[in-house]
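*Asks:* Provided below: protein.tsv, containing TSV, C-alpha atoms.
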chain	number	residue	atom	x	y	z
A	1	MET	CA	27.09	1.82	-14.75
A	2	GLU	CA	26.00	2.70	-11.22
A	3	PRO	CA	22.20	2.61	-10.97
A	4	ASN	CA	20.47	5.90	-10.28
A	5	PHE	CA	17.02	4.99	-8.97
A	6	LEU	CA	13.73	6.84	-9.15
A	7	VAL	CA	11.51	5.60	-6.30
A	8	VAL	CA	7.83	6.26	-7.07
A	9	ASP	CA	5.22	5.80	-4.33
A	10	ASP	CA	2.45	8.01	-2.95
A	11	SER	CA	3.28	6.78	0.56
A	12	VAL	CA	6.08	8.78	2.18
A	13	THR	CA	6.67	5.81	4.48
A	14	MET	CA	7.18	3.41	1.57
A	15	ARG	CA	9.51	5.80	-0.23
A	16	ARG	CA	11.65	6.02	2.89
A	17	ILE	CA	11.59	2.25	3.41
A	18	VAL	CA	12.64	1.60	-0.19
A	19	THR	CA	15.37	4.25	-0.15
A	20	ASN	CA	16.63	2.98	3.24
A	21	SER	CA	16.73	-0.52	1.78
A	22	LEU	CA	18.66	0.74	-1.25
A	23	LYS	CA	21.17	2.42	1.08
A	24	THR	CA	21.52	-0.81	3.08
A	25	LEU	CA	22.16	-2.68	-0.18
A	26	GLY	CA	24.92	-0.21	-1.01
A	27	TYR	CA	23.12	1.95	-3.56
A	28	ASN	CA	23.39	5.65	-2.90
A	29	LYS	CA	21.91	7.41	-5.91
A	30	PHE	CA	18.15	7.88	-5.94
A	31	ALA	CA	15.40	10.42	-6.46
A	32	GLU	CA	11.76	10.24	-5.35
A	33	ALA	CA	8.33	10.94	-6.88
A	34	ALA	CA	4.85	10.76	-5.32
A	35	ASP	CA	2.96	9.59	-8.43
A	36	GLY	CA	3.39	8.57	-12.04
A	37	LYS	CA	3.03	12.09	-13.42
A	38	GLU	CA	5.72	13.48	-11.13
A	39	ALA	CA	7.91	10.51	-12.06
A	40	LEU	CA	7.60	11.29	-15.78
A	41	GLU	CA	8.49	14.92	-15.10
A	42	LYS	CA	11.61	13.81	-13.19
A	43	LEU	CA	12.57	11.35	-15.92
A	44	ASN	CA	12.27	14.11	-18.52
A	45	ALA	CA	14.31	16.51	-16.41
A	46	ASP	CA	17.06	14.10	-15.32
A	47	ASP	CA	18.77	11.89	-17.90
A	48	SER	CA	20.94	10.23	-15.26
A	49	ILE	CA	17.98	8.27	-13.84
A	50	ASN	CA	18.35	4.76	-15.18
A	51	PHE	CA	16.18	2.56	-12.93
A	52	VAL	CA	12.55	3.02	-11.85
A	53	ILE	CA	11.06	1.36	-8.75
A	54	THR	CA	7.34	2.06	-8.71
A	55	ASP	CA	4.22	1.32	-6.70
A	56	TRP	CA	1.03	0.44	-8.61
A	57	ASN	CA	-1.82	2.18	-6.73
A	58	MET	CA	-1.22	5.90	-6.82
A	59	PRO	CA	-3.34	8.99	-7.42
A	60	VAL	CA	-3.01	11.13	-10.57
A	61	MET	CA	-1.14	8.40	-12.53
A	62	THR	CA	-0.79	4.76	-11.48
A	63	GLY	CA	2.36	2.69	-11.70
A	64	LEU	CA	0.86	0.69	-14.55
A	65	GLU	CA	0.12	3.87	-16.52
A	66	LEU	CA	3.63	5.10	-15.73
A	67	THR	CA	5.11	1.85	-17.05
A	68	LYS	CA	3.13	2.16	-20.28
A	69	ALA	CA	4.20	5.80	-20.66
A	70	ILE	CA	7.88	4.91	-20.13
A	71	ARG	CA	7.69	2.02	-22.60
A	72	GLY	CA	5.90	4.24	-25.10
A	73	ASN	CA	8.67	6.82	-25.13
A	74	PRO	CA	11.65	5.88	-27.38
A	75	LYS	CA	13.98	7.73	-24.99
A	76	THR	CA	13.00	5.56	-22.00
A	77	GLU	CA	11.55	2.41	-23.58
A	78	ASN	CA	14.37	0.19	-22.26
A	79	MET	CA	14.39	1.65	-18.75
A	80	PRO	CA	14.48	-1.07	-16.04
A	81	ILE	CA	11.20	-0.94	-14.11
A	82	LEU	CA	10.63	-2.83	-10.87
A	83	MET	CA	7.01	-2.84	-9.69
A	84	VAL	CA	6.73	-2.98	-5.87
A	85	THR	CA	3.09	-3.34	-4.90
A	86	THR	CA	0.55	-4.99	-2.59
A	87	ARG	CA	-1.27	-6.40	-5.64
A	88	GLY	CA	-0.46	-10.10	-5.76
A	89	VAL	CA	-3.26	-11.69	-7.78
A	90	LYS	CA	-2.41	-13.44	-11.05
A	91	GLU	CA	-4.45	-11.08	-13.25
A	92	ASP	CA	-2.56	-8.07	-11.89
A	93	ILE	CA	0.82	-9.71	-12.38
A	94	ILE	CA	-0.05	-10.66	-15.96
A	95	GLN	CA	-1.30	-7.13	-16.62
A	96	ALA	CA	2.00	-5.73	-15.31
A	97	LEU	CA	4.03	-8.16	-17.41
A	98	GLN	CA	1.99	-7.22	-20.48
A	99	ALA	CA	2.85	-3.59	-19.75
A	100	ARG	CA	6.49	-4.84	-19.75
A	101	VAL	CA	7.63	-4.28	-16.19
A	102	SER	CA	11.11	-5.76	-15.73
A	103	ASN	CA	10.17	-7.56	-12.53
A	104	TYR	CA	7.59	-7.60	-9.78
A	105	VAL	CA	7.86	-7.53	-5.97
A	106	VAL	CA	4.95	-7.92	-3.55
A	107	LYS	CA	4.75	-5.93	-0.32
A	108	PRO	CA	5.70	-6.57	2.39
A	109	PHE	CA	9.09	-7.36	0.86
A	110	THR	CA	12.35	-8.46	2.39
A	111	PRO	CA	15.67	-6.77	1.58
A	112	GLN	CA	16.85	-10.07	0.11
A	113	ILE	CA	13.99	-10.11	-2.40
A	114	LEU	CA	14.62	-6.49	-3.35
A	115	LYS	CA	18.34	-7.23	-3.78
A	116	GLU	CA	17.71	-10.33	-5.91
A	117	LYS	CA	15.28	-8.53	-8.20
A	118	ILE	CA	17.47	-5.45	-8.66
A	119	GLU	CA	20.54	-7.58	-9.35
A	120	ALA	CA	18.62	-9.79	-11.80
A	121	ILE	CA	17.38	-6.74	-13.69
A	122	LEU	CA	20.83	-5.12	-13.73
A	123	ALA	CA	22.39	-8.39	-14.94
A	124	SER	CA	19.93	-8.58	-17.85
A	125	THR	CA	20.47	-5.00	-19.06
B	126	MET	CA	-93.90	-4.12	-27.93
B	127	SER	CA	-91.12	-6.56	-28.59
B	128	LYS	CA	-88.66	-3.61	-28.62
B	129	ILE	CA	-89.84	-2.61	-25.13
B	130	ASN	CA	-89.39	-6.20	-23.95
B	131	SER	CA	-85.94	-6.31	-25.42
B	132	ASN	CA	-84.97	-3.05	-23.61
B	133	LEU	CA	-86.38	-4.38	-20.34
B	134	ASN	CA	-84.32	-7.52	-20.75
B	135	VAL	CA	-81.17	-5.44	-21.22
B	136	ILE	CA	-82.03	-3.40	-18.11
B	137	LEU	CA	-82.63	-6.59	-16.15
B	138	GLU	CA	-79.28	-7.98	-17.34
B	139	LYS	CA	-77.50	-4.79	-16.30
B	140	LEU	CA	-79.27	-4.85	-12.94
B	141	GLY	CA	-78.10	-8.45	-12.56
B	142	GLU	CA	-74.55	-7.42	-13.31
B	143	MET	CA	-74.84	-4.53	-10.83
B	144	LYS	CA	-76.17	-6.93	-8.22
B	145	LYS	CA	-73.16	-9.19	-8.79
B	146	LEU	CA	-70.87	-6.15	-8.57
B	147	PHE	CA	-72.44	-5.04	-5.28
B	148	HIS	CA	-72.18	-8.57	-4.01
B	149	TYR	CA	-68.50	-8.67	-5.03
B	150	GLY	CA	-68.04	-5.21	-3.50
B	151	GLU	CA	-69.40	-6.46	-0.21
B	152	LYS	CA	-66.67	-9.07	-0.21
B	153	ILE	CA	-63.84	-6.72	-1.33
B	154	VAL	CA	-64.62	-3.83	1.03
B	155	PRO	CA	-63.23	-5.58	4.13
B	156	ILE	CA	-60.06	-6.42	2.19
B	157	ILE	CA	-59.66	-2.79	1.13
B	158	GLU	CA	-60.28	-1.72	4.73
B	159	SER	CA	-57.55	-4.13	5.86
B	160	ILE	CA	-55.15	-2.75	3.27
B	161	THR	CA	-55.91	0.81	4.36
B	162	GLN	CA	-55.36	-0.13	7.97
B	163	PHE	CA	-52.06	-1.84	7.05
B	164	VAL	CA	-50.89	1.25	5.15
B	165	ASP	CA	-51.93	3.48	8.08
B	166	GLU	CA	-49.91	1.34	10.46
B	167	THR	CA	-46.93	1.03	8.10
B	168	MET	CA	-46.56	4.72	7.31
B	169	PRO	CA	-45.06	5.67	10.71
B	170	LEU	CA	-42.73	2.68	10.40
B	171	LEU	CA	-41.62	3.82	6.94
B	172	ASP	CA	-41.15	7.33	8.33
B	173	ASN	CA	-38.92	5.85	11.05
B	174	VAL	CA	-36.94	3.86	8.49
B	175	ASN	CA	-36.60	6.95	6.37
B	176	SER	CA	-35.38	9.10	9.25
B	177	SER	CA	-32.95	6.34	10.32
B	178	ILE	CA	-31.51	6.22	6.82
B	179	VAL	CA	-31.21	10.01	6.79
B	180	GLU	CA	-29.48	9.93	10.18
B	181	SER	CA	-27.11	7.12	9.13
B	182	THR	CA	-26.38	8.88	5.88
B	183	HIS	CA	-25.51	12.03	7.83
B	184	LYS	CA	-23.08	10.03	9.98
B	185	MET	CA	-21.24	8.41	7.07
B	186	PRO	CA	-19.04	11.39	6.19
B	187	GLN	CA	-18.08	11.58	9.88
B	188	ALA	CA	-17.07	7.91	9.86
B	189	SER	CA	-15.15	8.42	6.63
B	190	ASN	CA	-13.36	11.46	8.06
B	191	GLN	CA	-12.47	9.54	11.21
B	192	ILE	CA	-10.87	6.84	9.06
B	193	ASN	CA	-8.88	9.54	7.28
B	194	ASP	CA	-7.80	10.91	10.67
B	195	VAL	CA	-6.57	7.43	11.65
B	196	THR	CA	-4.63	7.19	8.37
B	197	SER	CA	-3.04	10.63	8.92
B	198	ALA	CA	-2.18	9.80	12.54
B	199	THR	CA	-0.52	6.50	11.65
B	200	GLU	CA	1.41	8.14	8.81
B	201	LEU	CA	2.61	10.86	11.18
B	202	ALA	CA	3.58	8.30	13.84
B	203	THR	CA	5.36	6.16	11.24
B	204	THR	CA	7.30	9.16	10.00
B	205	GLU	CA	8.31	9.94	13.60
B	206	ILE	CA	9.46	6.33	14.09
B	207	LEU	CA	11.46	6.48	10.84
B	208	ASP	CA	13.03	9.77	11.98
B	209	LEU	CA	14.01	8.15	15.28
B	210	ILE	CA	15.41	5.11	13.47
B	211	ASP	CA	17.48	7.45	11.29
B	212	GLU	CA	18.77	9.14	14.46
B	213	ILE	CA	19.62	5.75	16.00
B	214	ASN	CA	21.42	4.72	12.81
B	215	ASP	CA	23.38	8.00	12.79
B	216	GLU	CA	24.43	7.37	16.41
B	217	ILE	CA	25.34	3.77	15.54
B	218	ASP	CA	27.53	5.02	12.67
B	219	LYS	CA	29.24	7.51	14.99
B	220	THR	CA	29.80	4.82	17.65
B	221	LYS	CA	31.21	2.41	15.05
B	222	ASN	CA	33.63	5.10	13.87
B	223	GLN	CA	34.68	5.81	17.45
B	224	LEU	CA	35.22	2.11	18.12
B	225	SER	CA	37.31	1.85	14.97
B	226	GLU	CA	39.42	4.74	16.26
B	227	ILE	CA	39.86	2.91	19.59
B	228	LYS	CA	40.97	-0.24	17.74
B	229	THR	CA	43.44	1.75	15.64
B	230	ALA	CA	44.76	3.52	18.76
B	231	GLU	CA	45.20	0.17	20.50
B	232	ILE	CA	47.13	-1.28	17.58
B	233	GLU	CA	49.37	1.79	17.60
B	234	SER	CA	49.79	1.52	21.40
B	235	LEU	CA	50.76	-2.13	21.14
B	236	GLU	CA	53.32	-1.29	18.44
B	237	ILE	CA	54.80	1.39	20.71
B	238	LEU	CA	54.88	-1.05	23.62
B	239	GLU	CA	56.67	-3.59	21.41
B	240	LYS	CA	59.29	-0.95	20.60
B	241	LEU	CA	59.52	0.02	24.28
B	242	LYS	CA	59.94	-3.62	25.28
B	243	ALA	CA	62.77	-3.99	22.80
B	244	ALA	CA	64.35	-0.79	24.11
B	245	VAL	CA	64.25	-1.90	27.77
B	246	HIS	CA	64.97	-5.57	27.28
B	247	ASN	CA	68.10	-5.21	29.43
B	248	ASN	CA	66.06	-3.81	32.30
B	249	PRO	CA	63.99	-6.64	33.85
B	250	VAL	CA	61.92	-4.30	36.03
B	251	ALA	CA	61.03	-2.03	33.09
B	252	SER	CA	60.36	-5.09	30.93
B	253	LYS	CA	58.00	-6.40	33.61
B	254	TYR	CA	56.09	-3.13	33.67
B	255	VAL	CA	55.86	-3.13	29.87
B	256	ASP	CA	54.46	-6.67	29.95
B	257	GLU	CA	51.92	-5.67	32.60
B	258	LEU	CA	50.87	-2.66	30.55
B	259	THR	CA	50.57	-4.86	27.45
B	260	ASP	CA	48.31	-7.21	29.36
B	261	LYS	CA	46.11	-4.25	30.36
B	262	LEU	CA	45.28	-3.56	26.70
B	263	PRO	CA	42.99	-6.40	25.70
B	264	VAL	CA	40.33	-3.91	24.50
B	265	TYR	CA	40.58	-5.20	20.92
B	266	GLU	CA	38.41	-8.22	21.66
B	267	ILE	CA	35.97	-6.18	23.72
B	268	VAL	CA	35.65	-3.66	20.89
B	269	ASN	CA	34.97	-6.50	18.46
B	270	LYS	CA	32.26	-7.81	20.78
B	271	ILE	CA	30.70	-4.34	21.01
B	272	MET	CA	30.83	-4.08	17.20
B	273	GLU	CA	29.01	-7.41	16.97
B	274	ASN	CA	26.31	-6.18	19.35
B	275	ILE	CA	25.96	-2.94	17.40
B	276	GLY	CA	25.52	-5.02	14.25
B	277	LYS	CA	22.60	-6.79	15.92
B	278	ILE	CA	21.04	-3.42	16.88
B	279	GLU	CA	21.47	-2.27	13.26
B	280	ASP	CA	19.72	-5.41	12.00
B	281	ALA	CA	16.88	-4.92	14.49
B	282	SER	CA	16.40	-1.26	13.52
B	283	TYR	CA	16.32	-2.25	9.83
B	284	LYS	CA	13.72	-4.92	10.60
B	285	ILE	CA	11.63	-2.26	12.39
B	286	THR	CA	11.91	-0.09	9.25
B	287	LEU	CA	10.72	-2.98	7.06
B	288	SER	CA	7.85	-3.73	9.44
B	289	LEU	CA	6.60	-0.20	8.93
B	290	GLN	CA	5.39	-1.37	5.50
B	291	VAL	CA	2.30	-2.23	7.54
B	292	GLN	CA	1.40	1.47	7.49
B	293	ASP	CA	1.14	1.54	3.69
B	294	ILE	CA	-0.85	-1.69	3.64
B	295	THR	CA	-3.33	-0.66	6.37
B	296	THR	CA	-3.71	2.73	4.68
B	297	GLN	CA	-4.86	0.92	1.54
B	298	GLN	CA	-7.24	-1.27	3.55
B	299	LEU	CA	-8.72	1.82	5.23
B	300	ALA	CA	-8.98	3.58	1.86
B	301	ALA	CA	-10.97	0.58	0.60
B	302	VAL	CA	-13.35	0.84	3.60
B	303	ASN	CA	-13.67	4.56	2.96
B	304	HIS	CA	-14.47	3.92	-0.67
B	305	LEU	CA	-17.16	1.46	0.42
B	306	ILE	CA	-18.68	4.00	2.84
B	307	THR	CA	-18.70	6.61	0.09
B	308	SER	CA	-20.41	4.22	-2.34
B	309	VAL	CA	-23.08	3.27	0.22
B	310	HIS	CA	-23.54	6.96	1.01
B	311	GLU	CA	-24.10	7.75	-2.64
B	312	GLY	CA	-26.57	4.86	-3.00
B	313	LEU	CA	-28.55	5.95	0.04
B	314	ASN	CA	-28.48	9.53	-1.16
B	315	ASN	CA	-30.05	8.49	-4.46
B	316	LEU	CA	-32.71	6.57	-2.53
B	317	LEU	CA	-33.40	9.53	-0.25
B	318	LYS	CA	-33.59	11.92	-3.19
B	319	ASP	CA	-36.74	10.03	-4.21
B	320	PHE	CA	-38.25	10.87	-0.83
B	321	GLY	CA	-37.13	14.45	-1.32
B	322	ASP	CA	-35.71	14.62	2.18
B	323	TYR	CA	-31.96	14.76	1.75
B	324	GLU	CA	-29.25	16.05	-0.52
B	325	MET	CA	-25.72	14.73	-0.19
B	326	ASP	CA	-23.08	17.29	0.60
B	327	LYS	CA	-19.82	15.96	-0.84
B	328	GLU	CA	-17.96	18.69	1.05
B	329	GLN	CA	-18.69	16.71	4.23
B	330	PHE	CA	-15.96	14.30	3.11
B	331	ASN	CA	-12.73	16.00	4.10
B	332	ASN	CA	-10.52	14.61	1.38
B	333	GLY	CA	-13.11	14.17	-1.33
B	334	LEU	CA	-14.14	10.85	-2.75
B	335	THR	CA	-11.43	8.28	-3.27
B	336	SER	CA	-10.88	6.50	-6.55
B	337	GLY	CA	-10.47	2.76	-6.74
B	338	GLN	CA	-7.13	3.31	-8.49
B	339	HIS	CA	-5.53	4.71	-5.32
B	340	PHE	CA	-5.68	1.60	-3.23
B	341	ASP	CA	-5.66	-2.17	-3.30
B	342	ALA	CA	-8.76	-3.47	-1.51
B	343	ASN	CA	-7.05	-6.87	-1.16
B	344	ALA	CA	-3.87	-5.52	0.42
B	345	LYS	CA	-2.75	-7.77	3.28
B	346	TYR	CA	0.08	-7.62	5.78
B	347	GLY	CA	1.62	-11.05	6.26
B	348	GLU	CA	5.03	-12.55	6.72
B	349	HIS	CA	7.52	-10.58	4.65
B	350	GLY	CA	8.21	-12.15	1.28
B	351	GLN	CA	5.63	-14.90	1.87
B	352	LYS	CA	3.67	-14.13	-1.30
B	353	GLN	CA	6.75	-13.52	-3.44
B	354	SER	CA	7.32	-17.18	-4.34
B	355	ASP	CA	3.75	-17.39	-5.74
B	356	VAL	CA	4.39	-14.22	-7.75
B	357	ASP	CA	7.71	-15.55	-9.07
B	358	GLN	CA	6.00	-18.75	-10.13
B	359	ILE	CA	3.38	-16.81	-12.11
B	360	ILE	CA	6.11	-14.68	-13.72
B	361	ASN	CA	8.11	-17.78	-14.66
B	362	GLU	CA	5.01	-19.44	-16.14
B	363	GLN	CA	4.20	-16.33	-18.18
B	364	GLN	CA	7.77	-15.92	-19.38
B	365	LYS	CA	7.96	-19.60	-20.29
B	366	THR	CA	4.71	-19.28	-22.25
B	367	SER	CA	6.06	-16.26	-24.11
B	368	GLN	CA	9.34	-18.05	-24.83
B	369	ASP	CA	7.47	-21.14	-26.07
B	370	GLU	CA	5.48	-18.92	-28.45
B	371	ILE	CA	8.68	-17.33	-29.75
B	372	ASP	CA	10.31	-20.75	-30.15
B	373	LYS	CA	7.32	-21.96	-32.16
B	374	LEU	CA	7.75	-19.06	-34.57
B	375	PHE	CA	11.37	-20.06	-35.24
B	376	SER	CA	10.81	-23.81	-35.45
Go through the file and emit its structure as structure tokens.

*Replies:*
Amino acid sequence: MEPNFLVVDDSVTMRRIVTNSLKTLGYNKFAEAADGKEALEKLNADDSINFVITDWNMPVMTGLELTKAIRGNPKTENMPILMVTTRGVKEDIIQALQARVSNYVVKPFTPQILKEKIEAILAST
Amino acid sequence: MSKINSNLNVILEKLGEMKKLFHYGEKIVPIIESITQFVDETMPLLDNVNSSIVESTHKMPQASNQINDVTSATELATTEILDLIDEINDEIDKTKNQLSEIKTAEIESLEILEKLKAAVHNNPVASKYVDELTDKLPVYEIVNKIMENIGKIEDASYKITLSLQVQDITTQQLAAVNHLITSVHEGLNNLLKDFGDYEMDKEQFNNGLTSGQHFDANAKYGEHGQKQSDVDQIINEQQKTSQDEIDKLFS
């Protein structure tokens, strides 16, 4: 199934960089949200979204809270979630894994890393 | 009589104590005078410190707002750069399509020339002209070279796009500084409240007070992907630990 991404980041710049990267990697279906709350609204409204790429630090609802909310909903509990964040310390990574993110990318990322992580997640689902 | 003597003794004792007290007082008075003098001299200094703190506290929202202005300006500039990169990429796509059309047209032209050559093979002069014309159509290789150069421009523009991640990272660093300014401002405000001189006006901060959840104070811009191997190692360790725990349950 072709992935339909939801790119969640409060930075307009980062959303554009991630979506541009997705286009370069050959993926053409994506939506955007500026925070976790907006992301949940979009996930509720659009059943075709099947892959979430989210930042951690965001106003209103963080990426970690979003991950927990997605995992806590039977409808979306198995949704692939890729965390793309500046937070690179061990405690943060463990916290994200405990919240059951599918994988974790640290900014600044390379397209190769993004590609590898997306492909690894898609291969495991 | 003995009662009178006893009372006189008490009075004499008290007088003795008073004498000691006065004697002690004589010693302590200069110390008290020194303390008073010190306080008199220190008060203007404390007033100066107080007014400096008030002045600095007044300036903090301005500094915070200037940081926000920098963040907005860099975000605007980054958006403009991304718009321009999109325009460049659109033009590159158009140019690539046009070059593909040139290549297709050349292939078709060469096919026609082949047919023409076959048709005029009995005419040496015409055949010569066809050969000359065929030699004049080596654009295929040139087009390929141009395509290669365009590919390099595409790569460079994509690298510029990726480098703009710096905007998000510096924004988080500036947000952390802003948060620090706000915290210091609040602390000083509480201190100044005790002096009764100043009341913080939160409205002075243009975008309100930032929460620690909105930024990563440790955000750093380094070589792209540099930190990823460390992250992958931690993930692998954690996943291995989890798997080991699961394996133990089934053993």

*Asks:* Counting all atoms listed in the file, what is within 12 Å of stretch 229-240 of chain B, bar same-chain residues fewer than 6 positions away, as a VMD selection string?

*Replies:* chain B and resid 222 to 223 246 251 to 268

*Asks:* Identify which of the residues B:Leu201, B:Leu241, B:Asn314, B:Glu216 lies closest to chain A, counting only C-alpha atoms when measuring atom-to-atom distances.

*Replies:*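 The answer is B:Leu201, which sits nearest to chain A.
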
*Asks:* Could you please determine the separation between atom CA of A:Lys42 and atom CA of A:Met14 in Å, to one decimal place?

*Replies:*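 Those two atoms sit 18.6 Å apart.
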
*Asks:* Just give me the gap between atom CA of A:Tyr27 and atom CA of B:His349 in Å, one decimal is fine.

*Replies:*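 Taking atom CA of A:Tyr27 as the start and atom CA of B:His349 as the end point, the length is 21.6 Å.
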
*Asks:* Can you write out as a tab-separated table which residues of chain B fall within 7 Å of chain A, alongside each residue's closest atom pair and its distance in Å to one decimal, counting all atoms listed in the file and ordering rows by chain and ascending residue number?

*Replies:*
residue	atom	partner	partner_atom	distance
B:Thr203	CA	A:Thr13	CA	6.9
B:Thr204	CA	A:Thr13	CA	6.5
B:Thr286	CA	A:Ile17	CA	6.3
B:Leu287	CA	A:Ile17	CA	6.4
B:Gln290	CA	A:Pro108	CA	6.1
B:Asp293	CA	A:Ser11	CA	6.5
B:Gln338	CA	A:Asn57	CA	5.7
B:His339	CA	A:Asn57	CA	4.7
B:Phe340	CA	A:Asn57	CA	5.2
B:Asp341	CA	A:Arg87	CA	6.5
B:Ala344	CA	A:Thr86	CA	5.4
B:Tyr346	CA	A:Pro108	CA	6.6
B:His349	CA	A:Pro108	CA	4.9
B:Gly350	CA	A:Phe109	CA	4.9
B:Lys352	CA	A:Val106	CA	6.7
B:Gln353	CA	A:Val106	CA	5.9
B:Val356	CA	A:Gly88	CA	6.7
B:Ile359	CA	A:Lys90	CA	6.8

*Asks:* Rounded to one decimal, what separation in Å do you get between atom CA of A:Lys75 and atom CA of A:Asp47?

*Replies:*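 So the answer is 9.5 Å.
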
*Asks:* Write out as a list of chain:residue names the residues lying within 10 Å of B:Lys221, counting all atoms listed in the file and excluding same-chain residues fewer than 2 positions away.

*Replies:*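 The residues that qualify are B:Asp215, B:Glu216, B:Ile217, B:Asp218, B:Lys219, B:Gln223, B:Leu224, B:Ser225, B:Glu226, B:Ile227, B:Val268, B:Ile271, B:Met272, B:Ile275, B:Gly276.
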
*Asks:* Between B:Ile178, B:Lys152, B:Lys145, B:Lys139, which has the minimum distance to B:Asn315 (counting all atoms listed in the file)?

*Replies:*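 Of B:Ile178, B:Lys152, B:Lys145, B:Lys139, the one nearest B:Asn315 is B:Ile178, counting all atoms listed in the file.
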
*Asks:* Give as a PyMOL selection string the set of residues within 12 Å of the point (13.9, 2.1, -23.2), where distances use the file's coordinates and only C-alpha atoms.

*Replies:* chain A and resi 43+49-52+67-81+100-102+125
